[in-house]
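Dropping target_14.tsv in here (TSV, C-alpha atoms):
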chain	number	residue	atom	x	y	z
A	13	MET	CA	14.65	5.28	-58.87
A	14	ASN	CA	14.21	5.80	-55.14
A	15	GLU	CA	16.79	3.69	-53.31
A	16	LEU	CA	14.30	2.15	-50.88
A	17	LEU	CA	11.96	1.28	-53.76
A	18	GLU	CA	14.76	-0.49	-55.59
A	19	ARG	CA	15.73	-2.43	-52.45
A	20	THR	CA	12.10	-3.37	-51.91
A	21	LEU	CA	11.68	-4.56	-55.48
A	22	MET	CA	14.90	-6.55	-55.39
A	23	LEU	CA	13.77	-8.31	-52.23
A	24	SER	CA	10.30	-8.87	-53.72
A	25	PHE	CA	11.73	-10.45	-56.85
A	26	ASP	CA	14.11	-12.60	-54.80
A	27	ARG	CA	11.05	-13.92	-52.98
A	28	LEU	CA	8.98	-14.33	-56.14
A	29	GLY	CA	11.82	-16.18	-57.81
A	30	SER	CA	11.93	-18.84	-55.15
A	31	GLY	CA	8.52	-20.35	-55.76
A	32	GLY	CA	6.43	-17.68	-57.44
A	33	GLN	CA	4.79	-16.55	-54.25
A	34	MET	CA	5.69	-13.55	-52.17
A	35	LEU	CA	4.76	-13.11	-48.56
A	36	PRO	CA	3.98	-9.42	-48.02
A	37	PHE	CA	6.58	-7.53	-46.04
A	38	ALA	CA	7.55	-4.10	-44.77
A	39	LEU	CA	10.97	-2.48	-44.71
A	40	VAL	CA	11.53	0.14	-42.04
A	41	ALA	CA	14.73	2.19	-42.33
A	42	ARG	CA	15.91	3.72	-39.07
A	43	GLU	CA	18.53	6.11	-37.90
A	44	GLY	CA	21.99	4.53	-37.86
A	45	ASP	CA	21.58	2.97	-41.30
A	46	THR	CA	19.68	-0.05	-40.06
A	47	THR	CA	16.71	-1.52	-41.88
A	48	GLU	CA	14.21	-3.88	-40.36
A	49	CYS	CA	12.40	-6.36	-42.60
A	50	LEU	CA	9.03	-7.44	-41.24
A	51	THR	CA	6.93	-10.22	-42.71
A	52	ILE	CA	3.26	-9.28	-42.66
A	53	VAL	CA	0.91	-11.93	-41.37
A	54	ALA	CA	-2.66	-11.45	-42.59
A	55	GLU	CA	-5.46	-13.93	-43.04
A	56	ARG	CA	-6.61	-12.05	-46.13
A	57	SER	CA	-4.21	-10.85	-48.80
A	58	ASP	CA	-6.24	-7.68	-49.35
A	59	LYS	CA	-5.62	-6.75	-45.70
A	60	ALA	CA	-1.83	-7.17	-45.92
A	61	ALA	CA	-1.14	-3.49	-46.62
A	62	TYR	CA	-3.38	-2.51	-43.69
A	63	PHE	CA	-1.45	-4.73	-41.27
A	64	GLY	CA	1.84	-3.57	-42.80
A	65	ARG	CA	0.86	0.02	-42.02
A	66	ARG	CA	0.17	-0.94	-38.43
A	67	LEU	CA	3.65	-2.48	-38.12
A	68	VAL	CA	5.17	0.70	-39.51
A	69	LYS	CA	3.05	2.92	-37.26
A	70	GLU	CA	4.31	1.05	-34.21
A	71	ARG	CA	7.87	1.94	-35.25
A	72	ALA	CA	7.12	5.46	-36.46
A	73	SER	CA	9.00	7.23	-33.66
A	74	THR	CA	12.36	5.90	-34.86
A	75	ALA	CA	11.66	5.29	-38.55
A	76	LEU	CA	13.16	7.45	-41.30
A	77	GLU	CA	11.31	5.84	-44.17
A	78	TYR	CA	9.32	2.73	-44.96
A	79	ALA	CA	8.09	0.56	-47.77
A	80	ILE	CA	5.28	-1.99	-47.73
A	81	ALA	CA	5.28	-4.61	-50.48
A	82	THR	CA	2.33	-6.79	-51.42
A	83	ASP	CA	1.61	-9.07	-54.36
A	84	ALA	CA	-1.46	-8.13	-56.39
A	85	TYR	CA	-2.29	-7.13	-59.95
A	86	VAL	CA	-2.89	-4.02	-62.01
A	87	ARG	CA	-4.48	-3.33	-65.37
A	88	ARG	CA	-2.48	-1.61	-68.07
A	89	ASP	CA	-4.17	-0.89	-71.41
A	90	GLY	CA	-6.92	-3.31	-70.43
A	91	GLU	CA	-4.47	-6.12	-69.73
A	92	ARG	CA	-4.33	-7.70	-66.28
A	93	LEU	CA	-0.76	-7.91	-65.04
A	94	ASP	CA	0.66	-9.44	-61.89
A	95	ALA	CA	2.40	-6.71	-59.92
A	96	VAL	CA	4.30	-5.97	-56.77
A	97	ILE	CA	2.57	-3.03	-55.09
A	98	VAL	CA	4.83	-0.83	-52.99
A	99	GLU	CA	3.76	1.93	-50.63
A	100	MET	CA	6.60	4.26	-49.60
A	101	GLY	CA	6.72	7.06	-47.06
A	102	LYS	CA	9.41	9.27	-45.55
A	103	ARG	CA	9.67	11.10	-42.27
A	104	GLY	CA	8.79	14.78	-42.77
A	105	GLU	CA	6.55	14.09	-45.76
A	106	ALA	CA	2.80	13.93	-45.21
A	107	ILE	CA	2.07	11.84	-48.27
A	108	ALA	CA	3.12	8.30	-49.14
A	109	GLN	CA	3.35	7.15	-52.75
A	110	VAL	CA	1.95	3.87	-54.01
A	111	VAL	CA	3.51	2.33	-57.12
A	112	ALA	CA	3.09	-0.95	-58.97
A	113	GLN	CA	5.86	-2.94	-60.64
A	114	PRO	CA	4.26	-5.31	-63.17
A	115	TYR	CA	5.95	-8.67	-63.60
A	116	ARG	CA	5.61	-11.99	-65.36
A	117	VAL	CA	6.81	-15.43	-64.31
A	118	SER	CA	8.45	-17.71	-66.83
A	119	ASP	CA	10.40	-20.88	-66.06
A	120	GLY	CA	9.93	-20.27	-62.37
A	121	ALA	CA	11.57	-16.85	-62.46
A	122	ALA	CA	9.79	-13.53	-62.08
A	123	GLU	CA	10.93	-10.68	-64.29
A	124	ARG	CA	9.91	-7.04	-64.36
A	125	VAL	CA	7.68	-5.83	-67.16
A	126	GLY	CA	8.33	-2.17	-67.88
A	127	ALA	CA	8.89	0.60	-65.37
A	128	PRO	CA	6.95	1.01	-62.11
A	129	LEU	CA	3.55	2.67	-62.49
A	130	SER	CA	2.39	5.41	-60.15
A	131	LEU	CA	-0.91	4.29	-58.64
A	132	ALA	CA	-1.94	6.66	-55.89
A	133	SER	CA	-0.92	8.71	-52.90
A	134	ARG	CA	-2.20	8.43	-49.35
A	135	PRO	CA	-1.31	9.69	-45.87
A	136	SER	CA	2.11	8.51	-44.75
A	137	GLU	CA	2.29	6.27	-41.71
A	138	LEU	CA	5.13	8.51	-40.51
A	139	SER	CA	2.85	11.55	-40.36
A	140	ASP	CA	0.15	12.37	-37.84
A	141	TRP	CA	-2.76	12.11	-40.23
A	142	ASP	CA	-6.10	12.95	-38.66
A	143	PRO	CA	-8.91	10.93	-40.27
A	144	HIS	CA	-11.31	13.78	-39.46
A	145	SER	CA	-9.33	16.04	-41.82
A	146	SER	CA	-10.64	14.17	-44.87
A	147	ASN	CA	-13.83	15.20	-46.60
A	148	TRP	CA	-16.51	12.87	-45.24
A	149	GLY	CA	-19.43	14.83	-46.68
A	150	ALA	CA	-22.22	16.88	-45.19
A	151	ILE	CA	-23.50	16.82	-41.61
A	152	THR	CA	-27.13	16.88	-40.53
A	153	PRO	CA	-27.61	17.93	-36.89
A	154	ASP	CA	-30.74	16.47	-35.30
A	155	ILE	CA	-31.71	19.99	-34.24
A	156	TYR	CA	-29.88	23.28	-34.78
A	157	ASN	CA	-30.98	26.31	-32.76
A	158	ASP	CA	-29.80	29.36	-34.70
A	159	ALA	CA	-30.49	31.79	-31.87
A	160	ARG	CA	-28.34	29.83	-29.42
A	161	LYS	CA	-25.94	28.48	-32.07
A	162	LEU	CA	-26.60	25.09	-30.55
A	163	ALA	CA	-26.52	21.72	-32.32
A	164	VAL	CA	-28.46	18.99	-30.52
A	165	HIS	CA	-27.83	15.25	-30.79
A	166	ILE	CA	-30.90	13.22	-29.80
A	167	VAL	CA	-29.55	9.83	-28.77
A	168	ASN	CA	-31.98	6.95	-28.74
A	169	HIS	CA	-29.54	4.09	-28.14
A	170	ASN	CA	-29.63	0.96	-26.05
A	171	LEU	CA	-27.74	1.95	-22.90
A	172	GLU	CA	-28.42	-1.05	-20.69
A	173	LEU	CA	-25.20	-2.98	-21.38
A	174	ASP	CA	-21.67	-1.73	-20.71
A	175	GLU	CA	-20.50	-2.50	-24.25
A	176	ASN	CA	-23.37	-0.50	-25.71
A	177	VAL	CA	-22.53	2.45	-23.46
A	178	GLU	CA	-18.92	2.24	-24.64
A	179	ARG	CA	-19.94	2.19	-28.31
A	180	THR	CA	-22.31	5.08	-27.77
A	181	ILE	CA	-19.58	7.21	-26.21
A	182	ARG	CA	-17.12	6.41	-29.00
A	183	PHE	CA	-19.78	7.20	-31.60
A	184	LEU	CA	-20.72	10.50	-29.95
A	185	ARG	CA	-17.17	11.68	-29.37
A	186	ALA	CA	-16.41	11.16	-33.04
A	187	ARG	CA	-19.66	12.65	-34.32
A	188	ILE	CA	-19.29	15.71	-32.09
A	189	ARG	CA	-15.77	16.21	-33.43
A	190	HIS	CA	-17.01	15.68	-37.00
A	191	HIS	CA	-19.80	18.24	-36.53
A	192	ALA	CA	-17.51	20.75	-34.83
A	193	ARG	CA	-15.53	21.08	-38.07
A	194	CYS	CA	-18.67	21.88	-40.07
A	195	LEU	CA	-20.94	23.89	-37.74
A	196	PRO	CA	-21.00	27.72	-37.88
A	197	ALA	CA	-18.23	29.34	-35.86
A	198	GLY	CA	-19.11	29.76	-32.20
A	199	SER	CA	-21.54	26.82	-32.15
A	200	SER	CA	-21.77	24.48	-29.20
A	201	GLN	CA	-23.25	21.00	-28.95
A	202	LEU	CA	-25.69	19.28	-26.64
A	203	VAL	CA	-26.31	15.55	-26.25
A	204	HIS	CA	-29.78	14.55	-25.15
A	205	TYR	CA	-30.02	10.88	-24.15
A	206	ASP	CA	-33.53	9.56	-24.58
A	207	ASP	CA	-33.25	6.93	-21.86
A	208	ARG	CA	-36.95	6.54	-21.20
A	209	GLY	CA	-37.98	2.95	-20.51
A	210	GLN	CA	-34.43	1.78	-19.98
A	211	SER	CA	-32.66	0.66	-16.85
A	212	VAL	CA	-29.42	2.63	-17.02
A	213	THR	CA	-27.03	2.19	-14.10
A	214	ALA	CA	-25.62	5.15	-12.20
A	215	SER	CA	-22.08	4.30	-13.34
A	216	ALA	CA	-23.23	4.18	-16.96
A	217	ARG	CA	-24.87	7.60	-16.59
A	218	THR	CA	-21.66	8.99	-15.16
A	219	LEU	CA	-19.66	7.57	-18.09
A	220	LEU	CA	-22.17	8.95	-20.59
A	221	VAL	CA	-21.41	12.41	-19.20
A	222	THR	CA	-17.72	12.22	-18.36
A	223	GLY	CA	-16.92	10.26	-21.52
A	224	LEU	CA	-17.69	13.35	-23.58
A	225	SER	CA	-15.76	16.57	-23.72
A	226	GLU	CA	-16.43	19.08	-20.91
A	227	ASP	CA	-17.77	21.68	-23.31
A	228	VAL	CA	-20.59	19.38	-24.44
A	229	GLU	CA	-23.84	19.84	-22.56
A	230	VAL	CA	-25.57	16.58	-21.58
A	231	ARG	CA	-29.18	15.86	-20.65
A	232	PHE	CA	-31.24	12.75	-19.92
A	233	SER	CA	-34.94	12.48	-20.71
A	234	SER	CA	-35.46	10.59	-17.45
A	235	ALA	CA	-34.22	13.63	-15.53
A	236	GLY	CA	-37.27	15.50	-16.76
A	237	ASN	CA	-35.36	18.15	-18.65
A	238	GLY	CA	-36.44	17.22	-22.09
B	22	MET	CA	-33.09	12.44	-34.65
B	23	SER	CA	-30.96	9.96	-36.53
B	24	TYR	CA	-30.70	6.19	-36.66
B	25	ASN	CA	-27.15	5.28	-35.75
B	26	LEU	CA	-24.80	2.39	-36.44
B	27	LEU	CA	-21.17	1.68	-35.73
B	28	ALA	CA	-18.98	-0.57	-37.91
B	29	GLU	CA	-15.81	-1.77	-36.16
B	30	GLY	CA	-12.91	-3.60	-37.74
B	31	HIS	CA	-9.55	-3.37	-39.41
B	32	LEU	CA	-10.75	-0.49	-41.54
B	33	ASP	CA	-8.75	1.72	-43.87
B	34	LEU	CA	-10.25	5.06	-42.85
B	35	PHE	CA	-8.45	6.89	-45.65
B	36	GLU	CA	-9.94	4.60	-48.30
B	37	LEU	CA	-13.35	4.91	-46.69
B	38	SER	CA	-13.15	8.70	-46.75
B	39	GLN	CA	-12.43	8.52	-50.47
B	40	CYS	CA	-15.67	6.66	-51.15
B	41	ALA	CA	-17.92	8.33	-48.54
B	42	SER	CA	-19.72	10.32	-51.23
B	43	HIS	CA	-21.01	7.06	-52.77
B	44	TYR	CA	-23.29	6.72	-49.74
B	45	GLU	CA	-24.35	10.36	-49.69
B	46	PRO	CA	-27.75	10.27	-47.97
B	47	LEU	CA	-25.89	8.80	-44.99
B	48	GLU	CA	-23.72	10.82	-42.66
B	49	LEU	CA	-20.39	9.01	-42.28
B	50	PHE	CA	-17.48	9.90	-40.05
B	51	PRO	CA	-14.34	8.23	-38.71
B	52	VAL	CA	-14.15	6.76	-35.22
B	53	PRO	CA	-10.41	6.18	-34.85
B	54	ALA	CA	-9.07	3.50	-32.52
B	55	SER	CA	-8.61	4.75	-28.97
B	56	VAL	CA	-8.15	3.51	-25.44
B	57	ALA	CA	-11.36	1.74	-24.44
B	58	ILE	CA	-13.71	3.53	-22.07
B	59	THR	CA	-14.46	1.48	-18.98
B	60	ALA	CA	-16.27	2.07	-15.74
B	61	GLU	CA	-13.74	0.02	-13.79
B	62	ALA	CA	-10.51	1.90	-13.15
B	63	SER	CA	-8.80	-1.38	-12.28
B	64	GLU	CA	-9.49	-2.86	-15.72
B	65	PRO	CA	-6.32	-3.06	-17.86
B	66	ALA	CA	-6.19	-0.55	-20.71
B	67	ARG	CA	-7.01	-1.97	-24.12
B	68	MET	CA	-7.29	-0.40	-27.54
B	69	THR	CA	-10.46	-0.45	-29.57
B	70	LEU	CA	-10.51	-1.10	-33.31
B	71	ASP	CA	-10.98	1.64	-35.87
B	72	ALA	CA	-14.62	2.19	-36.69
B	73	LEU	CA	-16.95	4.01	-39.02
B	74	GLY	CA	-19.83	6.02	-37.59
B	75	ILE	CA	-23.01	5.83	-39.65
B	76	ALA	CA	-25.94	8.17	-38.99
B	77	ILE	CA	-29.14	8.16	-41.00
B	78	PRO	CA	-30.86	11.48	-40.27
B	79	LEU	CA	-34.57	10.70	-40.17
B	80	SER	CA	-35.18	13.78	-42.31
B	81	ARG	CA	-33.26	11.99	-45.05
B	82	ALA	CA	-34.61	8.48	-44.46
B	83	GLY	CA	-36.23	6.87	-47.48
B	84	ALA	CA	-35.56	4.50	-50.33
B	85	GLU	CA	-32.32	6.20	-51.35
B	86	ALA	CA	-30.92	6.13	-47.81
B	87	GLY	CA	-32.07	2.52	-47.40
B	88	ALA	CA	-30.27	1.47	-50.58
B	89	ALA	CA	-27.14	3.32	-49.52
B	90	LEU	CA	-27.21	1.70	-46.08
B	91	ARG	CA	-27.69	-1.76	-47.55
B	92	ALA	CA	-24.74	-1.23	-49.91
B	93	LEU	CA	-22.55	0.15	-47.14
B	94	VAL	CA	-23.32	-2.60	-44.61
B	95	GLU	CA	-22.76	-5.28	-47.25
B	96	PHE	CA	-19.43	-3.64	-48.09
B	97	MET	CA	-18.52	-3.56	-44.39
B	98	TRP	CA	-19.19	-7.27	-44.19
B	99	THR	CA	-16.72	-7.86	-47.02
B	100	GLN	CA	-14.18	-6.03	-44.85
B	101	ASP	CA	-14.90	-8.41	-41.94
B	102	ALA	CA	-16.24	-5.45	-39.94
B	103	ASN	CA	-18.71	-5.95	-37.10
B	104	VAL	CA	-21.71	-3.69	-37.62
B	105	PHE	CA	-23.75	-2.68	-34.59
B	106	ASP	CA	-27.22	-1.15	-34.50
B	107	LEU	CA	-26.90	1.35	-31.65
B	108	TYR	CA	-30.68	1.59	-31.25
B	109	THR	CA	-31.04	-2.07	-30.31
B	110	GLY	CA	-27.43	-2.61	-29.26
B	111	GLU	CA	-27.37	-5.74	-31.39
B	112	GLN	CA	-24.87	-6.76	-34.03
B	113	ILE	CA	-26.15	-6.85	-37.60
B	114	SER	CA	-24.56	-9.87	-39.19
B	115	THR	CA	-27.13	-11.36	-41.55
B	116	PRO	CA	-29.23	-10.06	-44.45
B	117	SER	CA	-32.41	-10.67	-42.45
B	118	GLU	CA	-31.08	-8.61	-39.54
B	119	LEU	CA	-30.18	-5.85	-42.00
B	120	ALA	CA	-33.68	-6.07	-43.46
B	121	GLY	CA	-35.04	-5.45	-39.96
B	122	VAL	CA	-32.99	-2.27	-39.65
B	123	LEU	CA	-34.10	-1.05	-43.07
B	124	GLU	CA	-37.70	-1.67	-42.06
B	125	ARG	CA	-37.28	0.32	-38.85
B	126	ILE	CA	-35.77	3.21	-40.75
B	127	SER	CA	-38.46	3.33	-43.39
B	128	GLY	CA	-41.27	2.56	-40.96

What is this structure when it is put down as structure tokens?
Amino acid sequence: MNELLERTLMLSFDRLGSGGQMLPFALVAREGDTTECLTIVAERSDKAAYFGRRLVKERASTALEYAIATDAYVRRDGERLDAVIVEMGKRGEAIAQVVAQPYRVSDGAAERVGAPLSLASRPSELSDWDPHSSNWGAITPDIYNDARKLAVHIVNHNLELDENVERTIRFLRARIRHHARCLPAGSSQLVHYDDRGQSVTASARTLLVTGLSEDVEVRFSSAGNG
Amino acid sequence: MSYNLLAEGHLDLFELSQCASHYEPLELFPVPASVAITAEASEPARMTLDALGIAIPLSRAGAEAGAALRALVEFMWTQDANVFDLYTGEQISTPSELAGVLERISG
């Protein structure tokens, strides 16, 4: 068994044995044979792994490998079993493995039931995974001009408040990047803000242009070019 | 044109990408956390939360897209995500507010 997995399970069962409840934690092994143990604080148990990944990510520059342990359950042959779920990743490997160690508690002590089960794999927190690289499905440009190889985004958003301008820019940056992966080679993109009837400040207009990549063309309906 | 929403929160973008096909009439894409965009250069830098971009192309609007959007927004609520309607700029946090969005899309 992987050494870090065994250490993680031993620590998990130590914690389970002292009261039957295990606070989720992360182990981060670093250069110099040091290992940091971090207790994960999450208001919701189903978010513990998420917050554990964030703790690991913050230490990714010096981490060699990591494990995140949470207490949950799995089903085996239709039977619901309590289980310690462990996610493990190593520097230099793009994929982390997720395994479950079923257990039962009797007389206040937790004991392992069978061998760990392989559950899934996912991007390692020690790799530079790009969420855009996953398959998110098809795109539908608002308009696509074949002759000009131009995809047009017609944006009819509320642009009167700063926070709405910020959300619009984040949304457009990501959608433009998402479309760029799927559009025919050589395509460019244009954003057309339909700002008619809105009071959009000069600084907001500047942000709506400069907030996007330089190779994206931008127009405003109020400027009379659309 | 499309009707656009943004769901912000502590989202597992990998898990979301794995189930994106369940909401197929919708166009979904990741909006990873980044340094916030501000007009004031003096404002201290802060990070945004991860988010999911949701676009409903009007050419695909209809009952199927409405059902998918309802299911997705309700799922986002279970993830404690804040869902914003970018058309109105308002947060969608109740079933009646969601019903209003669905009506605008189908109307």

If we count only C-alpha atoms and set the cut-off at 6 Å, which residues sit around range 145-162 of chain A, ignoring sequence neighbours fewer than 4 positions away in its own chain? Please answer as a PyMOL selection string. (chain A and resi 199-201) or (chain B and resi 22+38+41)

Please find the residues of chain B near chain A - the criterion being any atom within 8 Å, counting all atoms listed in the file - and write them as a ChimeraX atom specification. /B:22-23,27,31-35,38-39,41-42,45,48-53,57-60,74,78,107-110

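Coordinates place CA of Thr99 in chain B at a distance of 20.2 Å from CA of Ala76 in chain B.
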
Please determine, counting all atoms listed in the file, which residue among A:Asn14, A:Ser24, A:Ser233, A:Ser73 has the shortest atom-to-atom distance to Ser139 in chain A.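 The closest residue to Ser139 in chain A is A:Ser73.
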
With all atoms listed in the file as the atoms that count, which of A:Leu220, A:Leu138, A:Leu93, A:Val212 lies nearest to Arg66 in chain A?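 Using all atoms listed in the file, the shortest distance to Arg66 in chain A belongs to A:Leu138.
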
For range 92-95 of chain B: contacts at 9 Å, all atoms listed in the file, fewer than 6 positions along chain excluded, given as a list in words: Ala28, Tyr44, Ala102, Val104, Ile113, Pro116 and Leu119 of chain B

Just to be explicit: take each residue in the selection above, keep C-alpha atoms, and write the result as a PDB file, in the frame of the given file.
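For reference, selection.pdb as written:
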ATOM      1  CA  ALA B  28     -18.980  -0.570 -37.910  1.00  0.00           C
ATOM      2  CA  TYR B  44     -23.290   6.720 -49.740  1.00  0.00           C
ATOM      3  CA  ALA B 102     -16.240  -5.450 -39.940  1.00  0.00           C
ATOM      4  CA  VAL B 104     -21.710  -3.690 -37.620  1.00  0.00           C
ATOM      5  CA  ILE B 113     -26.150  -6.850 -37.600  1.00  0.00           C
ATOM      6  CA  PRO B 116     -29.230 -10.060 -44.450  1.00  0.00           C
ATOM      7  CA  LEU B 119     -30.180  -5.850 -42.000  1.00  0.00           C
TER       8      LEU B 119
END

May I ask for the distance between CA of Met22 in chain A and CA of Arg103 in chain A, given in Å to one decimal place? 22.6 Å

Near Ile80 in chain A, counting all atoms listed in the file, which residues have an atom at most 8 Å away, once you skip same-chain residues fewer than 4 positions from it, shown as a PyMOL selection string? chain A and resi 36-39+61+64-65+97-100

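The nearest approach to Ala82 in chain B among the residues B:Ala54, B:Met97, B:Leu70, B:Leu123, with all atoms listed in the file taken into account, belongs to B:Leu123.
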
Could you state the separation of CA of Ala88 in chain B and CA of Leu73 in chain B in Å, given to one decimal place?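 Result for CA of Ala88 in chain B versus CA of Leu73 in chain B: 17.8 Å, one decimal.
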
Of the residues A:Ala132, A:Ala60, A:Leu21, A:Ala197, which is the one nearest to Glu36 in chain B, using all atoms listed in the file?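 When distances to Glu36 in chain B are compared using all atoms listed in the file, the smallest one comes from A:Ala132.
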